Structures are given as structure tokens and as C-alpha cells.
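Novice: One structure, as C-alpha cells, below. Some questions next.
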Amino acid sequence: MIKNVLLAVLLGALTANVLLAQDKEIPKKYDRTMGKANGLYNSFVYVKAIEEYKKAMEISDHETDFISLRIADSYRLINNNNEAFIWYSKVEGKPIMTKQDKANYAQVLILHGDYRKAKQVAEEIGTSVERIDQADKVSEIRIDTAAYFTENLVINSEEADFSPTYYKDGIVFVSSREIERILPQSKYYWDESYYLDLYYTQNVDSTEDYFSSFSKRINTYYHEGPAVFFGDDNKIIFTRNNFNKGRRTLSDQGVNHLKLFYSETLEEKDRWSIPKELPFNSDEYSVGHPTVSSDETRLYFASDMPGSLGKTDIFYSDFVDGQWTTPQNMGLKINTEVEEMFPFIFQDTVLYFASKGHLGLGGLDIYSINLNDKNAEPENMGQPLNSEFDDFGLIRSGNVGYYSSNRPGGKGNDDIYRFTYTEIIPKYVVVVKAVDAETGEVISNANISILDNITKDTVIYEKLPDSTAHYITLENMSYHAVAHHHEHFTHSISFEVGEDLDVDTLFYEIPLERIEIGKAIELENIYYDLNKSDIRSDAAIELDKLVTILVENPDIKIELSSHTDSRGSDSYNQRLSQRRAESAVAYIIEQGIAAERITAKGYGETKLVNQCSNGVQCSKEEHQRNRRTEFAVTENASNVEVIEHH
């Protein structure tokens with residue numbers, strides 16, 4: 001994906017840390033192919049490098065792990081996550097993978113949606129990534145926010161189109177589209193796409209004459225990227241490769257970084273001045289993705305300059321006495337150990353930005369934070385603005401705005417989408433609290449969801465500080481609320497709302513039983529025919545309830561036990577109870593529960609609940625109390641508690 005060109009250059013070149021051993025017995029054809037592949041890889045020509053590595057693999061199986069890792073990394077760098085996942089999987093757990101390789105693999109796994117394995121890989125190298133650590137909360141931001149309506153723009157091409165910015169009565173955007181030129185259009189070696197330029201459109205909905213190259217003074221034969229206009233659209237700060245006045249400059253490591261340039265309109269108003277570098281540019285690091293406050297005194301941008309907390313951070317610089325001041329890092333609340341990019345300041349209060357480090361759905365997600373609130377934390381914008389793919393470059397004016405995404409269903413690589421925000425005024429506010437069934441105390445960190453019983457859709461919600469508030473926007477409908485907490489059994493309730501209600505706020509509590517390792521819980525009404533272990537239809541109904549418990553609580557393992565009364569021989573009762581327990585377990589496994597999650601145990605008459613032991617006269621009712629089926633949690637994976645079977 002073409003924006004990854006900007007990202008990768010922004011991060012700097014990845015230098016090879018593994019040297020391919022030369023083997024005199026390897027055919028010369030293999031040597032030549034590998035030499036070519038390594039040269040292409042080290043020159044960032046990843047598409048062609050992949051082709052040569054695959055050719056080398058066909059010639060010889062020598063250094064297969066090295067080649068697989070190089071192919072995986074190449075696919076990652078051109079943002080082909082599916083192929084990157086396949087090739088990283090080939091070398092997973094092998095000695096060739098360095099700490100950096102594993103960190104890259106963890107990011108690929110996040111994009112692939114495999115948070116559990118991503119966490120395992122991250123733990124191997126001793127890193128902690130918020131997006132992995134809080135993966136269990138992702139379900140909250142997967143809920144489609146009905147307040148936002150999004151649509152793909154007709155101006156998009158089959159190539160990359162992204163990072164729009166407001167200009168006059170239209171937008172200027174970045175694109176790698178192919179256009180007619182007198183001279184041949186240059187391609188970028190990274191992924192064989194055309195170089196990025198800025199384009200202007202007055203009407204994003206027009207299918208005729210819908211764009212034009214922005215300015216020959218601004219656009220060059222190298223990359224021009226995200227920009228911002230200010231000063232009544234007579235001033236521009238834009239991103240460009242380290243190329244100015246016909247010169248292309250490299251860093252000490254041979255990297256052509258990104259810089260920010262400033263230009264303004266000349267007196268004739270139809271031409272731009274020769275771009276000038278901003279004072280904090282450097283040949284040794286990158287700066288890009290500018291946005292400017294409404295009073296034109298503060299510039300926000302992304303960079304990997306010294307002082308960065310992660311791979312790329314959001315910085316700001318103030319305009320004082322006609323000069324831009326030394327950039328300041330925006331701190332750990334916004335920046336993480338990975339990438340933060342594409343900032344946009346809205347009404348000088350809300351900063352929108354893209355990140356791979358905060359809790360998200362995958363790839364780059366769009367976040368917002370209120371800069372005037374010292375206690376504010378970055379908030380994921382949720383679906384539909386975010387997806388499991390890269391979502392970034394949001395701009396907004398009032399309730400309408402634009403953002404970029406490479407999600408499936410678009411016209412090309414990256415596409416520009418328009419969104420419209422409509423504030424939803426709820427009809428009813430439903431406050432649902434999960435409480436401990438024994439103590440009645442509120443479980444503040446429980447995960448509560450509400451489903452529409454007819455459409456089965458998840459209802460839009462917003463959390464209150466001391467509970468979970470679900471704003472119900474439909475009338476005369478029934479709902480189903482489910483509460484989850486890793487230390488309690490999942491439980492649910494149903495309720496209805498309608499016009500006949502004389503209140504606008506409804507309060508419900510969902511009692512949750514605490515999971516206690518080893519505590520016996522009786523299953524009522526589990527009966528067997530005399531001296532038999534077959535599952536009767538009435539017993540199946542009760543066992544189905546246990547199946548539901550296991551489905552709703554996927555992290556627990558249980559022991560299912562069967563008990564008899566004391567009548568009959570001890571050995572017979574032991575065998576009978578074991579058969580009954582095994583029969584019940586077999587039924588549960590047939591319903592789709594994994595066999596390793598449930599163990600059968602017959603206790604015969606060894607665990608009587610009353611005095612009715614051998615030789616003691618008891619009533620039928622007293623004996624019946626001992627003929628029971630129970631289950632006990634033996635392991636809760638979320639708490640890693642285990643009880644041995646005895």
C-alpha cells in the first residue's frame with residue numbers, strides 16, 4: 001500500500017542484520033539470483049525482491065528459512081498482510097527470527113486478528129503492546145456506530161488515494177494514479193506504484209473533470225504527500241521526499257527521508273512560491289503529515305526524530321516571532337512504542353490521529369482526544385470509521401468529513417471515504433449493572449452487551465463512569481442483556497421498552513455467580529432409570545443448560561461428577577456413577593463442547609450430603625438427595641487457576 005511508502009521512509013531504512021552464508025557447492029545460478037534478490041531488498045524494491053527470492057527457492061532449498069523470512073518481511077513492508085502472515089508462519093519459532101522479526105510478526109498477527117498468538121509472540125521478547133494486552137475489550141469498539149454514515153467517493157482510482165485536506169471550495173488529496181503526461185510518469189521501486197502527487201477537486205461527487213494536478217511548483221517526480229492549507233488558503237505546508245531545487249539528498253545510511261516544505265501564493269495568485277524547508281527538517285530523520293491550528297500558531301506533525309517514544313510520534317511546534325520553535329513530543333498519552341501518524345486538529349480542541357499502538361481493530365485505527373481535558377484518553381472512533389484494515393487521515397468540518405482506508409470493497413489500494421455524523425437522541429436510557437450475586441456489589445469492569453431480540457443486532461451504547469449505560473433508540477422492542485466477567489459465570493436478562501413507560505431511564509441488574517475453583521454445583525432434575533446410565537430426555541434438558549454455561553464461559557474447564565445413595569454395594573455404586581458421569585459427558589461433547597474441557601468422575605456413595613450411609617434407615621426423599629449430578633470448575637484460563645482431579 002502506497003502510504004506504507006511514506007511510513008517506511010518515515011521510519012528509516014531497515015538494514016540487513018543477517019548475512020547469507022556463501023556455500024561453494026551452491027549452483028552459480030542460485031548465487032546470482034540470491035545476490036539480485038538481496039540487492040533489491042536492500043534497495044527497498046520489495047515486489048521484485050519477492051520474485052527473485054521465490055526463484056532462488058525453486059533453484060535450491062539452501063537457506064530456506066532465511067528466504068522465507070525475507071519474503072515475509074517484504075510482504076509486510078508493502079502491506080500485503082495475508083501473504084506476510086503465511087510466510088512468517090513458515091519460520092515461526094525458528095532460531096533465525098530476531099527480536100525485531102518477532103515484533104514485526106506480532107504486528108502482522110494483530111492485523112490478522114490473532115490476538116492470542118500475538119500476545120504470546122510479544123511476551124517471548126518481553127514487550128507489552130496495549131492493543132494486545134486489551135484485546136478482550138475489542139468487542140466494545142466493533143459495535144457499528146449508527147451515528148456515522150460512510151460512503152466511498154467517485155473520485156477514487158484503482159491506485160492509492162488518501163489524506164484529503166480542505167482547500168478553497170474542494171479538497172486536495174494524495175494519489176499515485178496514472179495520468180497523461182508529456183514525459184513518462186515515474187514509478188517508485190518500492191512496490192512498482194507511481195510516485196505520489198497532490199490533486200485538487202472541486203466536487204467529490206463529480207464523475208466528469210473531477211480532478212486536476214494541483215501545482216507544477218509543488219508536485220515533482222518524487223513523492224508529495226499529506227498537506228495542510230491556511231492563511232485563507234494562500235499558505236501551504238506539505239510533505240515531500242528530501243528533494244528540493246532539483247536535488248535529491250540522502251542520509252548517512254543512504255535513506256531519502258521526508259521533509260516538510262512551506263510555500264505561499266505569489267501576487268498573481270495563480271502561482272506558488274518556491275517551497276522552503278521548515279527549520280527542524282533533517283537529512284537524518286523524517287517529518288510529515290502536517291496540520292495547523294485555526295490561529296496558525298501551532299503545527300502538529302508526525303516524525304521519527306530524536307526524542308520519539310516509538311517508531312513514529314506526533315509532535316508540535318509553535319510559531320513565535322516569525323519562526324517555528326523546536327518541536328515538542330506530545331507525550332505517552334498519545335504516542336506509543338509503535339506508530340502514531342496523520343494528525344488533524346479540529347476546532348483547536350480535538351486531535352484526531354492514526355495509531356497502531358492503542359486498543360484497535362487492526363492496522364491503523366483513527367482516534368480522537370480532547371486536548372483541553374487533562375484526564376482525557378485517546379478514544380477509538382469505532383466502526384464504521386475503523387476496520388480491521390488501515391484507517392487514517394481523517395479531516396472534519398462540522399458534521400461532515402473524510403478519511404482514508406484500504407478496507408475491502410473500495411476502488412483501489414487506499415480510498416477516500418466521506419462520513420456524515422448525526423447525533424442520536426435516545427428515547428430511553430437503560431442503565432445495566434453487573435453485580436456480584438452474593439454481595440450485591442457492582443462489578444465495574446464487567447463487559448455488558450445488549451442485543452435486539454428481533455434483529456439480533458448489538459445496541460449502540462455508551463459507558464457511564466460507575467456502570468454501563470445503553471441508550472435504547474427504538475421503541476416497543478424487546479432486548480437481551482448479557483454480562484461477562486472473567487471471575488464470574490456469564491448471565492443474561494431480558495427486558496422490554498415501549499411507549500407505555502412513564503419514565504425515561506430504566507435500571508437493571510444482572511447478578512453474576514462467582515467462579516470458585518473446586519466448588520460443587522448441583523445440576524437439578526438429572527434422573528436416570530433404575531440401574532441405568534442412559535441420558536433421558538428430561539436429563540438432556542438440564543444438561544443443555546450446562547452446555548450453555550460452557551459456551552458462554554469458554555475459558556473454564558470442569559469436572560462432571562455423578563453420585564449415588566448408599567443402597568447397593570459400594571463397588572457397584574462406584575461403577576454405576578462412573579458410567580452415568582461418562583454418559584453425561586459424552587452427551588455434552590456431542591453438543592460441540594471440546595472433550596479436553598470436561599472430565600467425567602463417578603464418586604459412588606463416597607460423598608453423601610446427609611447421614612444416610614450404609615445401614616442407616618432413611619426416607620426415599622433423604623436417599624434422593626444423595627443421588628445427584630454436579631459439576632465443579634477445575635480451571636479458569638483467564639485466572640490460570642487449576643485444581644487437580646482426585
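Here, A, B, ... name the chains of the C-alpha cells in the order displayed, residue numbers run from 1 inside each chain, and ligands are numbered from 1 in the same displayed order.
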Can you list, as a PyMOL selection string, every protein, DNA or RNA residue that comes within 10 Å of A:Ala446 when you count only C-alpha atoms, leaving out same-chain residues fewer than 4 positions away?
Specialist: chain A and resi 433-435+442+467-468+483-488+490+512
Novice: Can you pull out every residue from stretch 305-342 of chain A that DSSP, working from the backbone, puts in strand (DSSP E or B), and format the result as an MDAnalysis selection string?
Specialist: chainID A and resid 312:320 323:324 328:329 339:342
Novice: Between A:Ser566, A:Thr439, A:Ser215, A:Asn152, which one has atoms that come closest to A:Asn610, using only C-alpha atoms?
Specialist: A:Ser566
Novice: As a PyMOL selection string, please: the residues near A:Asp415 (cut-off 12 Å, only C-alpha atoms, same-chain neighbours under 4 positions excluded).
Specialist: chain A and resi 1-3+151-164+173-177+389-393+402-411
Novice: Could you pull out the residues in stretch 64-108 of chain A that DSSP calls helix (DSSP H, G or I) from the backbone, as a count of residues only?
Specialist: 35
Novice: Mind pulling up the distance from atom CA of A:Thr239 to atom CA of A:Arg217?
Specialist: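 These atoms are spaced 13.7 Å apart.
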Novice: Using atom CA of A:Lys374 and atom CA of A:Asn335 as the two end points, give the distance in Å to one decimal.
Specialist: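 Here the two named atoms are 15.3 Å from each other.
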Novice: Give me the residues within 7 Å of A:Ser286 as a PyMOL selection string, counting only C-alpha atoms and dropping any in the same chain fewer than 5 places off.
Specialist: chain A and resi 10+257-259+303-305
Novice: Can you pull out the residues contacting A:Ala584? Cut-off 12 Å, using only C-alpha atoms, and skip same-chain residues under 6 positions away; I want them as an MDAnalysis selection string.
Specialist: chainID A and resid 523 526:528 533:537 539:544 546:547 559:562 577:578 590:591 598:602 629:631
Novice: Distance atom CA of A:Glu524-atom CA of A:Tyr603, one decimal place?
Specialist: 17.4 Å
Novice: Do you know which residues are at most 7 Å from stretch 394-401 of chain A counting only C-alpha atoms, after dropping those on the same chain fewer than 4 positions away, and could you put them as JSON, numbers by chain?
Specialist: {"A": [165, 344, 346, 352, 418, 419, 420, 421]}
Novice: What's around A:Lys48 at 8 Å? Count only C-alpha atoms, leave out sequence neighbours fewer than 4 positions away in its own chain, and write the answer as a PyMOL selection string.
Specialist: chain A and resi 37+40+52
Novice: For A:Thr458, which residue among A:Ala481, A:Val429, A:Val47, A:Ile510 is the nearest when counting only C-alpha atoms?
Specialist: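 Among A:Ala481, A:Val429, A:Val47, A:Ile510, it is A:Ala481 that comes nearest to A:Thr458.
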